[in-house]
Amino acid sequence: MSVKIDRSKCIYCGGCVSVCPSNALDLKETRVECDPEKCVNCSVCVKFCPMGAISLNKKDK
Ligand code: SF4
Ligand code: SF4
């Protein structure tokens, strides 16, 4: 599973990387990446993101 990260909204605060219980998110130089092998669609990052940049990937359900 994975989340979608809107790069035009993300300010690279790194918060989602810290709150993800599965360590699925990684802050890269120019973007935040979600590892689909690790993500469990818990939506903790979606609720956390101050910019509303993260959404769940519906097709993963
Ligand atoms: S919490 Fe939101 S704004 Fe912050 S790095 Fe993650 S996606 Fe970007
Ligand atoms: S939905 Fe949950 S497991 Fe997936 S990236 Fe967000 S916080 Fe991590």
# chains A, B, ... in the order shown; residues from 1 in each chain; ligands from 1
>>> residues_near_ligand(ligand="ligand 2", cutoff="6 Å", atoms="only C-alpha atoms and all ligand atoms", output="tab-separated table (two decimals) with N, CA and C atoms, in the first residue's frame")
chain	number	residue	atom	x	y	z
A	2	SER	N	0.27	2.34	-0.35
A	2	SER	CA	1.09	3.55	-0.37
A	2	SER	C	0.19	4.78	-0.28
A	3	VAL	N	0.81	5.90	0.04
A	3	VAL	CA	0.07	7.15	0.06
A	3	VAL	C	0.57	8.03	-1.08
A	20	CYS	N	5.03	8.29	11.03
A	20	CYS	CA	4.67	7.01	10.42
A	20	CYS	C	5.13	5.84	11.28
A	21	PRO	N	4.17	5.02	11.76
A	21	PRO	CA	4.51	3.91	12.64
A	21	PRO	C	5.23	2.78	11.91
A	22	SER	N	5.18	2.79	10.60
A	22	SER	CA	5.79	1.71	9.82
A	22	SER	C	7.10	2.12	9.16
A	24	ALA	N	7.52	4.00	6.74
A	24	ALA	CA	7.34	3.85	5.30
A	24	ALA	C	7.72	5.11	4.53
A	25	LEU	N	7.82	6.22	5.23
A	25	LEU	CA	8.10	7.48	4.55
A	25	LEU	C	9.56	7.88	4.70
A	34	CYS	N	7.07	7.28	-0.36
A	34	CYS	CA	6.39	6.27	0.43
A	34	CYS	C	6.79	4.89	-0.08
A	39	CYS	N	4.14	0.58	3.93
A	39	CYS	CA	2.94	1.34	4.28
A	39	CYS	C	1.75	0.40	4.55
A	40	VAL	N	1.01	0.69	5.66
A	40	VAL	CA	-0.16	-0.12	6.00
A	40	VAL	C	-1.47	0.68	5.90
A	41	ASN	N	-1.42	1.84	5.21
A	41	ASN	CA	-2.61	2.67	5.02
A	41	ASN	C	-3.28	3.08	6.32
A	42	CYS	N	-2.50	3.36	7.35
A	42	CYS	CA	-3.09	3.71	8.65
A	42	CYS	C	-3.63	5.14	8.66
A	43	SER	N	-3.19	5.94	7.71
A	43	SER	CA	-3.60	7.34	7.54
A	43	SER	C	-3.13	8.29	8.64
A	44	VAL	N	-2.20	7.85	9.48
A	44	VAL	CA	-1.63	8.73	10.50
A	44	VAL	C	-0.95	9.95	9.84
A	45	CYS	N	-0.23	9.70	8.76
A	45	CYS	CA	0.47	10.79	8.08
A	45	CYS	C	-0.51	11.74	7.40
>>> residues_near_ligand(ligand="ligand 1", cutoff="6 Å", atoms="only C-alpha atoms and all ligand atoms", output="list in words")
Ile5, Cys10, Ile11, Tyr12, Cys13, Gly14, Gly15, Cys16, Cys49, Pro50, Met51, Ala53 and Ile54 of chain A
>>> select_by_dssp(residues="stretch 17-55 of chain A", states="strand (DSSP E or B)", output="PyMOL selection string")
chain A and resi 25-27+32-34+54-55
>>> closest_residue(among="A:Leu27, A:Glu37, A:Val32, A:Val46", to="A:Arg7", atoms="only C-alpha atoms")
A:Val32
>>> atom_distance(atom1="atom CA of A:Val19", atom2="atom CA of A:Lys4")
16.0 Å
>>> select_by_dssp(residues="chain A", states="helix (DSSP H, G or I)", output="ChimeraX atom specification")
/A:15-19,44-48,58-60
>>> closest_residue(among="A:Asp35, A:Asn23, A:Lys28, A:Asp6", to="A:Gly52", atoms="only C-alpha atoms")
A:Asp6
>>> closest_residue(among="A:Arg31, A:Phe48, A:Asp26, A:Ser55", to="A:Ser8", atoms="only C-alpha atoms")
A:Arg31
